[in-house]
Amino acid sequence: MSRTLMSHALIAALLLSSSVLSASAMTTMPTSDASKPTQAAFSTYSAPHMLSATEIHVGAQDLPEGIPGNASMLISLNVDSEGHARDIRVLRTFSPEISFRVVEAISRSRFQPAVLNHHAISAPMTIQVAVQR
């Protein structure tokens, strides 16, 4: 055999032997873990909620004309793990001027944060603010 052909055969044999070793190592791994019964993981979760709301009083003269009695705003926010409102966004409104006041009031309100497995976490929340006459 020529020297070049012999070195290629040796490299191929070394590569083949390492794949055989890793294959045999994989087949000899213990399988006792697979036979153990699995335990179900349970989580407990409670959603965030408002503890204290800041009331907003708007005089009838400050409300835009034509607002129906069932008008409402939809507000989206995140309640952080400390109970503070973050990332407050108005999703639906009947008045941009009143929306500004609502967002300010929500930012001053206190919340109970969401709880996951006995740990306070940040979580999203949606609030509907209705007009009361």
# chains A, B, ... in the order shown; residues from 1 in each chain; ligands from 1

call {"tool": "residues_around", "arguments": {"residues": "stretch 88-91 of chain A", "least_positions_apart": "5", "cutoff": "7 Å", "atoms": "only C-alpha atoms", "output": "list in words"}}
result
Leu74, Ile75, Ser76, Leu77 and Val103 of chain A

call {"tool": "closest_atom_pairs", "arguments": {"of": "stretch 77-106 of chain A", "to": "stretch 67-72 of chain A", "cutoff": "8 Å", "atoms": "only C-alpha atoms", "output": "JSON lines"}}
result
{"residue": "A:Arg92", "atom": "CA", "partner": "A:Ser72", "partner_atom": "CA", "distance": 7.9}
{"residue": "A:Thr93", "atom": "CA", "partner": "A:Ser72", "partner_atom": "CA", "distance": 6.8}
{"residue": "A:Phe94", "atom": "CA", "partner": "A:Ala71", "partner_atom": "CA", "distance": 6.9}

call {"tool": "write_last_selection", "arguments": {"atoms": "C-alpha atoms", "output": "PDB file, in the first residue's frame"}}
result
ATOM      1  CA  ARG A  92     -60.413  52.652  23.774  1.00  0.00           C
ATOM      2  CA  THR A  93     -61.612  56.092  24.803  1.00  0.00           C
ATOM      3  CA  PHE A  94     -64.481  58.521  24.376  1.00  0.00           C
TER       4      PHE A  94
END

call {"tool": "atom_distance", "arguments": {"atom1": "atom CA of A:Ser43", "atom2": "atom CA of A:Val79"}}
result
19.8 Å

call {"tool": "residues_around", "arguments": {"residues": "A:Leu63", "least_positions_apart": "4", "cutoff": "9 Å", "atoms": "only C-alpha atoms", "output": "PyMOL selection string"}}
result
chain A and resi 58-59+67+95+98

call {"tool": "closest_residue", "arguments": {"among": "A:Ser99, A:Gln132, A:Asn117, A:Ser122", "to": "A:Phe42", "atoms": "only C-alpha atoms"}}
result
A:Asn117

call {"tool": "closest_residue", "arguments": {"among": "A:Thr54, A:Tyr45, A:Glu97, A:Ala105", "to": "A:Ile121", "atoms": "only C-alpha atoms"}}
result
A:Tyr45

call {"tool": "atom_distance", "arguments": {"atom1": "atom CA of A:Val102", "atom2": "atom CA of A:Ser81"}}
result
22.1 Å

call {"tool": "atom_distance", "arguments": {"atom1": "atom CA of A:Gln128", "atom2": "atom CA of A:Arg110"}}
result
16.2 Å

call {"tool": "closest_residue", "arguments": {"among": "A:Asp62, A:Met73, A:Gly83, A:His49", "to": "A:Ala120", "atoms": "only C-alpha atoms"}}
result
A:Gly83
